[in-house]
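See below for the structure under consideration.
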Amino acid sequence: MSCKQIILSVALFCIYSAAQAQLLNNNWCGNAGVTPWMEWYKDHRYEITSSRSDETLYVPVTVHIIGTDQGTNLFPFDKAVRAICRMNELYTDANIQFYLVPGDPVRFINNSDWYEHDYWPGGAEMIDQNKIPGRLNAFVVGDPAGNCGYAWRDAIVLGTGCSSENNTTWSHEAGHHLSLPHPFSGWEGTDWDYSQPAPNTMGNKEVERTDGSNCENAGDFFCDTPPDYLNYRWQCTDEHESEQLQHDPNNVSFRSDATLIMGYASDVCASRFSPEQIAAMRANLQTEHDSYLQVSEPGIGVDDELAAELVSPIDSHIVQYNNFELVWNPVPNATIYVVEVFLTPSMSVINRLFYKTLYNETSVTVTQAMPNNRTLYWRVRTYNEWDVCNPNENTQVGILKTRNISATNELERSVIAELAPNPVAGGQPAILNISSDESLSAKLSVTDAAGRVCMQRDLRIYPGDNRLEIETDALEAGIYIISLQNEKGVLLKRMAVTE
Ligand SMILES: [Zn+2]
């Protein structure tokens, strides 16, 4: 694809940075957010709109969630599901609804170069190597080239920090994908003293006037989106206008409309597309993106009243604190199950200990250590590809209790100890993390393979997490036994010291 065909929306909803200024000034995309399709549409729109119908247009989406090479920092898929739900709310007036591709709603990709990328080579490679034809490809990454998101190479790319259901980022980028320019088209990347009358052209584009005389050929080419020259993120007034007064080329002053999703007003201000924007998006779907229009009826959703029935553990059943299975019954039509374990019955995200989204699976094994000797709470929320807005208000809550069932004495039952790193390089300290559910005294000893005591000290352990450094300066390479002992029993850890 040549540079001229590139659709780009830079600087969307972002924190202004030097790096971004650099990108904007590079001007390598050249067309400042107006696609070739939009240039064509601008001159043919009246022929097309007459043929458009009011039926709902269904857009299939596959979400590509990018993590680091280590598989960390993956955006929770159910947050993407809720971002699409929010998008559907904002596209209701347009009669456009997004759904996840049945059987292929999400792909997870581990690639640090794509997780945080610039347009070249990271962004371009990520899109070109993963884009699937016939659907909207949404990539979720940690840093999309310094922006909150962008639409480019027939895909949209969203930043994890701008993808909550309170953000309009997804709707804004999908708007670009379906051809919409910014209402301030032409002003991207410019620096202007807004107290002055605007010039007749900006960024090689006609500047839109307040009297509507040139609205078809200026700005975003839409006459029902009033002039807007603001190319930075702005807060709106109570009247849903910009604080910033601007002056058109006739020196008529005006404020920008904050309700438009395609502008840069903050998320709380923006909520709509104009009728002409809607007509353009629908026309785009029926021409440039007609491969998306594969169904005319929505698929079956999940019954909002139905909750996943939890099988085990329930009723305070005791489980091994660091290895237990959660099992539930399938819910009719549900394919996406979000499983969560919490420290408190309020089930707030702050107290969430475990979290996983599963596709067509009805059990999961938790192998990470949970707090021991505690009562924990778990639930399962359900969605499917067609039902991204299930409120999940009736979820059942399972109660379980954690124990160290494999413990052979009382001390092991009340204390969990983790040693890291292990093996440890001689001279470096090893850290013994002790998590206890009570206050206790114990003796810590380090013995070598021959049973000789190399180190010994008395400890006071407090409820919660305790961190102990074990010095290895005086230890030769070899295997050592770390023991924690008191009247309740003994807990042993094997430690390898390397050269
Ligand atoms: Zn944009």
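Residue numbers start at 1 in each chain; chains themselves are named A, B, ... in the order of the structure tokens; ligands are numbered from 1 in the order shown.
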
A:Asn73: which residues within 10 Å, counting only C-alpha atoms, same-chain residues fewer than 6 positions away excluded, as a PyMOL selection string?
chain A and resi 65-67+110+112+115+141-142+160

Please dump the current selection as a tab-separated table (two decimals), in the first residue's frame; keep N, CA and C atoms.
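Generated output (part26.tsv):
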```
chain	number	residue	atom	x	y	z
A	65	ILE	N	-5.42	-9.52	20.87
A	65	ILE	CA	-4.86	-8.96	22.10
A	65	ILE	C	-3.36	-9.26	22.13
A	66	ILE	N	-2.57	-8.19	22.14
A	66	ILE	CA	-1.12	-8.34	22.06
A	66	ILE	C	-0.52	-8.23	23.46
A	67	GLY	N	0.32	-9.21	23.82
A	67	GLY	CA	1.04	-9.15	25.09
A	67	GLY	C	2.54	-9.07	24.82
A	110	ASN	N	1.80	-12.95	21.54
A	110	ASN	CA	2.85	-12.45	22.41
A	110	ASN	C	3.98	-11.87	21.56
A	112	SER	N	6.58	-8.41	22.10
A	112	SER	CA	6.90	-7.15	22.78
A	112	SER	C	7.07	-5.99	21.79
A	115	TYR	N	3.63	-4.96	21.18
A	115	TYR	CA	2.93	-4.51	22.38
A	115	TYR	C	3.12	-3.01	22.59
A	141	VAL	N	-3.18	-3.05	22.27
A	141	VAL	CA	-1.75	-3.05	22.63
A	141	VAL	C	-1.49	-2.09	23.80
A	142	GLY	N	-0.29	-2.19	24.38
A	142	GLY	CA	0.06	-1.30	25.49
A	142	GLY	C	0.25	0.13	25.02
A	160	THR	N	-4.47	-0.10	25.70
A	160	THR	CA	-5.14	-0.69	26.86
A	160	THR	C	-5.64	0.40	27.81
```

For the interface of chain A with ligand 1 (cut-off 12 Å, counting only C-alpha atoms and all ligand atoms), please tabulate each contacting residue of chain A alongside its nearest pair of atoms and their separation in Å to one decimal, rows sorted by chain and increasing number, as JSON lines.
```
{"residue": "A:Ile7", "atom": "CA", "partner": "ligand 1", "partner_atom_place_in_ligand_line": "1 (Zn)", "distance": 10.4}
{"residue": "A:Leu8", "atom": "CA", "partner": "ligand 1", "partner_atom_place_in_ligand_line": "1 (Zn)", "distance": 8.0}
{"residue": "A:Ser9", "atom": "CA", "partner": "ligand 1", "partner_atom_place_in_ligand_line": "1 (Zn)", "distance": 4.6}
{"residue": "A:Val10", "atom": "CA", "partner": "ligand 1", "partner_atom_place_in_ligand_line": "1 (Zn)", "distance": 6.5}
{"residue": "A:Ala11", "atom": "CA", "partner": "ligand 1", "partner_atom_place_in_ligand_line": "1 (Zn)", "distance": 7.1}
{"residue": "A:Leu12", "atom": "CA", "partner": "ligand 1", "partner_atom_place_in_ligand_line": "1 (Zn)", "distance": 4.8}
{"residue": "A:Phe13", "atom": "CA", "partner": "ligand 1", "partner_atom_place_in_ligand_line": "1 (Zn)", "distance": 7.7}
{"residue": "A:Cys14", "atom": "CA", "partner": "ligand 1", "partner_atom_place_in_ligand_line": "1 (Zn)", "distance": 10.2}
{"residue": "A:Ala32", "atom": "CA", "partner": "ligand 1", "partner_atom_place_in_ligand_line": "1 (Zn)", "distance": 10.0}
{"residue": "A:Gly33", "atom": "CA", "partner": "ligand 1", "partner_atom_place_in_ligand_line": "1 (Zn)", "distance": 7.7}
{"residue": "A:Val34", "atom": "CA", "partner": "ligand 1", "partner_atom_place_in_ligand_line": "1 (Zn)", "distance": 10.7}
{"residue": "A:Asn147", "atom": "CA", "partner": "ligand 1", "partner_atom_place_in_ligand_line": "1 (Zn)", "distance": 9.7}
{"residue": "A:Cys148", "atom": "CA", "partner": "ligand 1", "partner_atom_place_in_ligand_line": "1 (Zn)", "distance": 9.3}
{"residue": "A:Gly149", "atom": "CA", "partner": "ligand 1", "partner_atom_place_in_ligand_line": "1 (Zn)", "distance": 7.8}
{"residue": "A:Tyr150", "atom": "CA", "partner": "ligand 1", "partner_atom_place_in_ligand_line": "1 (Zn)", "distance": 6.6}
{"residue": "A:Ala151", "atom": "CA", "partner": "ligand 1", "partner_atom_place_in_ligand_line": "1 (Zn)", "distance": 7.6}
{"residue": "A:Trp152", "atom": "CA", "partner": "ligand 1", "partner_atom_place_in_ligand_line": "1 (Zn)", "distance": 10.6}
{"residue": "A:Ile156", "atom": "CA", "partner": "ligand 1", "partner_atom_place_in_ligand_line": "1 (Zn)", "distance": 10.7}
{"residue": "A:Val157", "atom": "CA", "partner": "ligand 1", "partner_atom_place_in_ligand_line": "1 (Zn)", "distance": 11.3}
{"residue": "A:Leu158", "atom": "CA", "partner": "ligand 1", "partner_atom_place_in_ligand_line": "1 (Zn)", "distance": 11.4}
{"residue": "A:Thr168", "atom": "CA", "partner": "ligand 1", "partner_atom_place_in_ligand_line": "1 (Zn)", "distance": 10.7}
{"residue": "A:Thr169", "atom": "CA", "partner": "ligand 1", "partner_atom_place_in_ligand_line": "1 (Zn)", "distance": 8.5}
{"residue": "A:Trp170", "atom": "CA", "partner": "ligand 1", "partner_atom_place_in_ligand_line": "1 (Zn)", "distance": 10.2}
{"residue": "A:Ser171", "atom": "CA", "partner": "ligand 1", "partner_atom_place_in_ligand_line": "1 (Zn)", "distance": 10.0}
{"residue": "A:His172", "atom": "CA", "partner": "ligand 1", "partner_atom_place_in_ligand_line": "1 (Zn)", "distance": 6.2}
{"residue": "A:Glu173", "atom": "CA", "partner": "ligand 1", "partner_atom_place_in_ligand_line": "1 (Zn)", "distance": 6.2}
{"residue": "A:Ala174", "atom": "CA", "partner": "ligand 1", "partner_atom_place_in_ligand_line": "1 (Zn)", "distance": 9.4}
{"residue": "A:Gly175", "atom": "CA", "partner": "ligand 1", "partner_atom_place_in_ligand_line": "1 (Zn)", "distance": 8.3}
{"residue": "A:His176", "atom": "CA", "partner": "ligand 1", "partner_atom_place_in_ligand_line": "1 (Zn)", "distance": 6.6}
{"residue": "A:His177", "atom": "CA", "partner": "ligand 1", "partner_atom_place_in_ligand_line": "1 (Zn)", "distance": 9.8}
{"residue": "A:Leu178", "atom": "CA", "partner": "ligand 1", "partner_atom_place_in_ligand_line": "1 (Zn)", "distance": 11.8}
{"residue": "A:Ser179", "atom": "CA", "partner": "ligand 1", "partner_atom_place_in_ligand_line": "1 (Zn)", "distance": 10.8}
{"residue": "A:Leu180", "atom": "CA", "partner": "ligand 1", "partner_atom_place_in_ligand_line": "1 (Zn)", "distance": 8.7}
{"residue": "A:Pro181", "atom": "CA", "partner": "ligand 1", "partner_atom_place_in_ligand_line": "1 (Zn)", "distance": 7.2}
{"residue": "A:His182", "atom": "CA", "partner": "ligand 1", "partner_atom_place_in_ligand_line": "1 (Zn)", "distance": 5.9}
{"residue": "A:Pro183", "atom": "CA", "partner": "ligand 1", "partner_atom_place_in_ligand_line": "1 (Zn)", "distance": 9.4}
{"residue": "A:Phe184", "atom": "CA", "partner": "ligand 1", "partner_atom_place_in_ligand_line": "1 (Zn)", "distance": 9.8}
{"residue": "A:Ser185", "atom": "CA", "partner": "ligand 1", "partner_atom_place_in_ligand_line": "1 (Zn)", "distance": 9.5}
{"residue": "A:Trp187", "atom": "CA", "partner": "ligand 1", "partner_atom_place_in_ligand_line": "1 (Zn)", "distance": 11.8}
{"residue": "A:Glu188", "atom": "CA", "partner": "ligand 1", "partner_atom_place_in_ligand_line": "1 (Zn)", "distance": 9.4}
{"residue": "A:Gly189", "atom": "CA", "partner": "ligand 1", "partner_atom_place_in_ligand_line": "1 (Zn)", "distance": 11.9}
{"residue": "A:Asp220", "atom": "CA", "partner": "ligand 1", "partner_atom_place_in_ligand_line": "1 (Zn)", "distance": 11.7}
{"residue": "A:Leu230", "atom": "CA", "partner": "ligand 1", "partner_atom_place_in_ligand_line": "1 (Zn)", "distance": 12.0}
{"residue": "A:Asn231", "atom": "CA", "partner": "ligand 1", "partner_atom_place_in_ligand_line": "1 (Zn)", "distance": 9.6}
{"residue": "A:Tyr232", "atom": "CA", "partner": "ligand 1", "partner_atom_place_in_ligand_line": "1 (Zn)", "distance": 10.6}
{"residue": "A:Arg233", "atom": "CA", "partner": "ligand 1", "partner_atom_place_in_ligand_line": "1 (Zn)", "distance": 10.9}
{"residue": "A:Leu260", "atom": "CA", "partner": "ligand 1", "partner_atom_place_in_ligand_line": "1 (Zn)", "distance": 11.5}
{"residue": "A:Ile261", "atom": "CA", "partner": "ligand 1", "partner_atom_place_in_ligand_line": "1 (Zn)", "distance": 9.1}
{"residue": "A:Met262", "atom": "CA", "partner": "ligand 1", "partner_atom_place_in_ligand_line": "1 (Zn)", "distance": 6.3}
{"residue": "A:Gly263", "atom": "CA", "partner": "ligand 1", "partner_atom_place_in_ligand_line": "1 (Zn)", "distance": 7.3}
{"residue": "A:Tyr264", "atom": "CA", "partner": "ligand 1", "partner_atom_place_in_ligand_line": "1 (Zn)", "distance": 7.7}
{"residue": "A:Ala265", "atom": "CA", "partner": "ligand 1", "partner_atom_place_in_ligand_line": "1 (Zn)", "distance": 11.1}
```

Compile a residue-level contact table for stretch 244-360 of chain A against stretch 399-404 of chain A at a cut-off of 9 Å, reporting for every qualifying residue the shortest atom pair and its distance in Å to one decimal, with only C-alpha atoms counted, rows ordered by chain and ascending number, as a tab-separated table.
```
residue	atom	partner	partner_atom	distance
A:Ser312	CA	A:Leu400	CA	8.7
A:Pro313	CA	A:Leu400	CA	5.9
A:Ile314	CA	A:Ile399	CA	5.1
A:Asp315	CA	A:Ile399	CA	5.6
A:Ser316	CA	A:Leu400	CA	4.2
A:His317	CA	A:Leu400	CA	5.0
A:Ile318	CA	A:Lys401	CA	4.6
A:Val319	CA	A:Thr402	CA	5.1
A:Gln320	CA	A:Arg403	CA	5.3
A:Tyr321	CA	A:Thr402	CA	4.5
A:Asn322	CA	A:Asn404	CA	7.9
A:Pro345	CA	A:Ile399	CA	8.9
```

Rounded to one decimal place, report the atom CA of A:Arg209-atom CA of A:Asp267 distance in Å.
25.9 Å

Within 8 Å of stretch 451-458 of chain A, counting only C-alpha atoms, which residues show up once you throw out same-chain ones fewer than 3 positions away? Write them as an NGL selection string, please.
:A and (441-448 or 475)

Can you tell me, as number ranges by chain, what residues are no more than 6 Å from A:Glu165 when counting only C-alpha atoms, ignoring any on the same chain fewer than 3 positions away?
A: 82-83, 86

Atom pair atom CA of A:Trp378 / atom CA of A:Thr395: separation (Å)
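Here the two named atoms are 9.8 Å from each other.
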
Contacts of A:Arg494 at 12 Å or less, counting only C-alpha atoms, minus same-chain residues fewer than 6 places along, as JSON, numbers by chain?
{"A": [417, 418, 419, 420, 421, 422, 423, 424, 430, 432, 445, 446, 447, 448, 449, 478, 479, 480, 481, 482, 483, 484]}

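The two atoms in question, atom CA of A:Leu440 and atom CA of A:Gln485, are spaced 10.6 Å apart.
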
Set the distance at 8 Å and use only C-alpha atoms: which residues neighbour A:Tyr377 once local chain neighbours fewer than 3 positions away are removed? I'd like the list as a PDB file with C-alpha atoms, in the first residue's frame.
```
ATOM      1  CA  VAL A 341     -11.859 -15.362  42.549  1.00  0.00           C
ATOM      2  CA  PHE A 342     -12.098 -12.648  45.213  1.00  0.00           C
ATOM      3  CA  LEU A 343     -10.862 -12.067  48.728  1.00  0.00           C
ATOM      4  CA  THR A 344     -14.123 -10.487  49.873  1.00  0.00           C
ATOM      5  CA  PRO A 345     -17.812 -11.096  49.144  1.00  0.00           C
ATOM      6  CA  MET A 347     -16.219  -8.922  44.700  1.00  0.00           C
ATOM      7  CA  VAL A 397     -21.326 -16.812  44.241  1.00  0.00           C
ATOM      8  CA  GLY A 398     -19.275 -19.859  45.221  1.00  0.00           C
ATOM      9  CA  ILE A 399     -17.580 -19.934  48.620  1.00  0.00           C
ATOM     10  CA  LEU A 400     -14.420 -21.929  49.194  1.00  0.00           C
TER      11      LEU A 400
END
```

Residue contacts of A:Arg107 (12 Å, only C-alpha atoms) excluding same-chain residues fewer than 2 positions away, as a compact mmCIF listing (two decimals) with N, CA and C atoms, in the first residue's frame:
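Generated file (result_36.txt):
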```txt
# COMPACT_ATOMS: atom_id res chain seq x y z
N VAL A 61 -16.32 -8.65 14.21
CA VAL A 61 -15.06 -8.16 14.79
C VAL A 61 -14.25 -9.34 15.32
N THR A 62 -12.95 -9.33 15.06
CA THR A 62 -12.04 -10.21 15.80
C THR A 62 -11.07 -9.31 16.56
N VAL A 63 -10.91 -9.59 17.85
CA VAL A 63 -10.02 -8.80 18.70
C VAL A 63 -8.67 -9.53 18.78
N HIS A 64 -7.62 -8.81 18.46
CA HIS A 64 -6.26 -9.37 18.59
C HIS A 64 -5.64 -8.73 19.83
N ILE A 65 -5.42 -9.52 20.87
CA ILE A 65 -4.86 -8.96 22.10
C ILE A 65 -3.36 -9.26 22.13
N ILE A 66 -2.57 -8.19 22.14
CA ILE A 66 -1.12 -8.34 22.06
C ILE A 66 -0.52 -8.23 23.46
N GLY A 67 0.32 -9.21 23.82
CA GLY A 67 1.04 -9.15 25.09
C GLY A 67 2.54 -9.07 24.82
N LEU A 74 -1.42 -8.99 28.91
CA LEU A 74 -2.52 -9.19 27.96
C LEU A 74 -3.76 -8.48 28.48
N PHE A 75 -4.39 -7.68 27.65
CA PHE A 75 -5.60 -6.97 28.03
C PHE A 75 -6.70 -8.00 28.30
N PRO A 76 -7.42 -7.88 29.42
CA PRO A 76 -8.48 -8.87 29.71
C PRO A 76 -9.53 -8.86 28.60
N PHE A 77 -9.79 -10.03 28.05
CA PHE A 77 -10.70 -10.10 26.91
C PHE A 77 -12.09 -9.60 27.27
N ALA A 80 -12.47 -6.06 26.63
CA ALA A 80 -12.67 -5.77 25.20
C ALA A 80 -14.13 -6.02 24.83
N LEU A 100 -18.87 -10.30 17.69
CA LEU A 100 -17.60 -11.03 17.59
C LEU A 100 -17.78 -12.19 16.61
N VAL A 101 -16.76 -12.46 15.84
CA VAL A 101 -16.86 -13.53 14.84
C VAL A 101 -17.07 -14.87 15.55
N GLY A 103 -16.77 -18.36 16.79
CA GLY A 103 -15.68 -19.33 16.67
C GLY A 103 -14.30 -18.69 16.60
N ASP A 104 -14.25 -17.38 16.37
CA ASP A 104 -12.94 -16.71 16.26
C ASP A 104 -13.03 -15.29 16.83
N PRO A 105 -13.51 -15.18 18.09
CA PRO A 105 -13.72 -13.84 18.64
C PRO A 105 -12.43 -13.14 19.05
N ILE A 109 -1.64 -12.79 21.05
CA ILE A 109 -0.35 -12.80 20.38
C ILE A 109 0.69 -12.21 21.33
N ASN A 110 1.80 -12.95 21.54
CA ASN A 110 2.85 -12.45 22.41
C ASN A 110 3.98 -11.87 21.56
N ASN A 130 -1.36 -10.11 10.68
CA ASN A 130 -2.44 -10.74 11.46
C ASN A 130 -3.85 -10.42 10.99
N LYS A 131 -3.98 -9.43 10.15
CA LYS A 131 -5.30 -8.98 9.71
C LYS A 131 -6.00 -10.10 8.94
N ILE A 132 -7.27 -10.30 9.27
CA ILE A 132 -8.07 -11.33 8.61
C ILE A 132 -9.10 -10.60 7.74
N ASN A 137 -10.76 -5.85 12.20
CA ASN A 137 -9.68 -6.35 13.05
C ASN A 137 -9.32 -5.27 14.07
N ALA A 138 -9.50 -5.59 15.36
CA ALA A 138 -9.20 -4.63 16.43
C ALA A 138 -8.01 -5.15 17.22
N PHE A 139 -6.91 -4.41 17.20
CA PHE A 139 -5.70 -4.80 17.92
C PHE A 139 -5.62 -4.01 19.22
N VAL A 140 -5.42 -4.72 20.33
CA VAL A 140 -5.30 -4.03 21.63
C VAL A 140 -3.86 -4.17 22.11
N TYR A 359 -12.92 -19.82 26.63
CA TYR A 359 -13.79 -19.93 25.47
C TYR A 359 -14.29 -21.37 25.36
```

Every residue of stretch 63-145 of chain A that DSSP places in strand (DSSP E), as a short mmCIF file (atom, residue, chain, number, x, y, z; two decimals) with C-alpha atoms, in the first residue's frame:
```cif
data_model
loop_
_atom_site.label_atom_id
_atom_site.label_comp_id
_atom_site.auth_asym_id
_atom_site.auth_seq_id
_atom_site.Cartn_x
_atom_site.Cartn_y
_atom_site.Cartn_z
CA VAL A 63 -10.02 -8.80 18.70
CA HIS A 64 -6.26 -9.37 18.59
CA ILE A 65 -4.86 -8.96 22.10
CA ILE A 66 -1.12 -8.34 22.06
CA GLY A 67 1.04 -9.15 25.09
CA ILE A 96 -24.77 -0.38 13.06
CA GLN A 97 -24.02 -3.17 15.52
CA PHE A 98 -20.76 -4.98 16.13
CA TYR A 99 -20.50 -8.67 17.01
CA LEU A 100 -17.60 -11.03 17.59
CA VAL A 106 -10.22 -13.30 19.99
CA ARG A 107 -6.60 -14.15 19.23
CA PHE A 108 -3.78 -13.72 21.72
CA ILE A 109 -0.35 -12.80 20.38
CA ASN A 110 2.85 -12.45 22.41
CA GLU A 116 4.66 -1.12 22.41
CA HIS A 117 5.21 0.06 18.87
CA LEU A 136 -13.05 -5.49 11.52
CA ASN A 137 -9.68 -6.35 13.05
CA ALA A 138 -9.20 -4.63 16.43
CA PHE A 139 -5.70 -4.80 17.92
CA VAL A 140 -5.30 -4.03 21.63
CA VAL A 141 -1.75 -3.05 22.63
CA ASP A 143 1.23 1.64 23.39
CA PRO A 144 -0.14 2.32 19.90
#
```
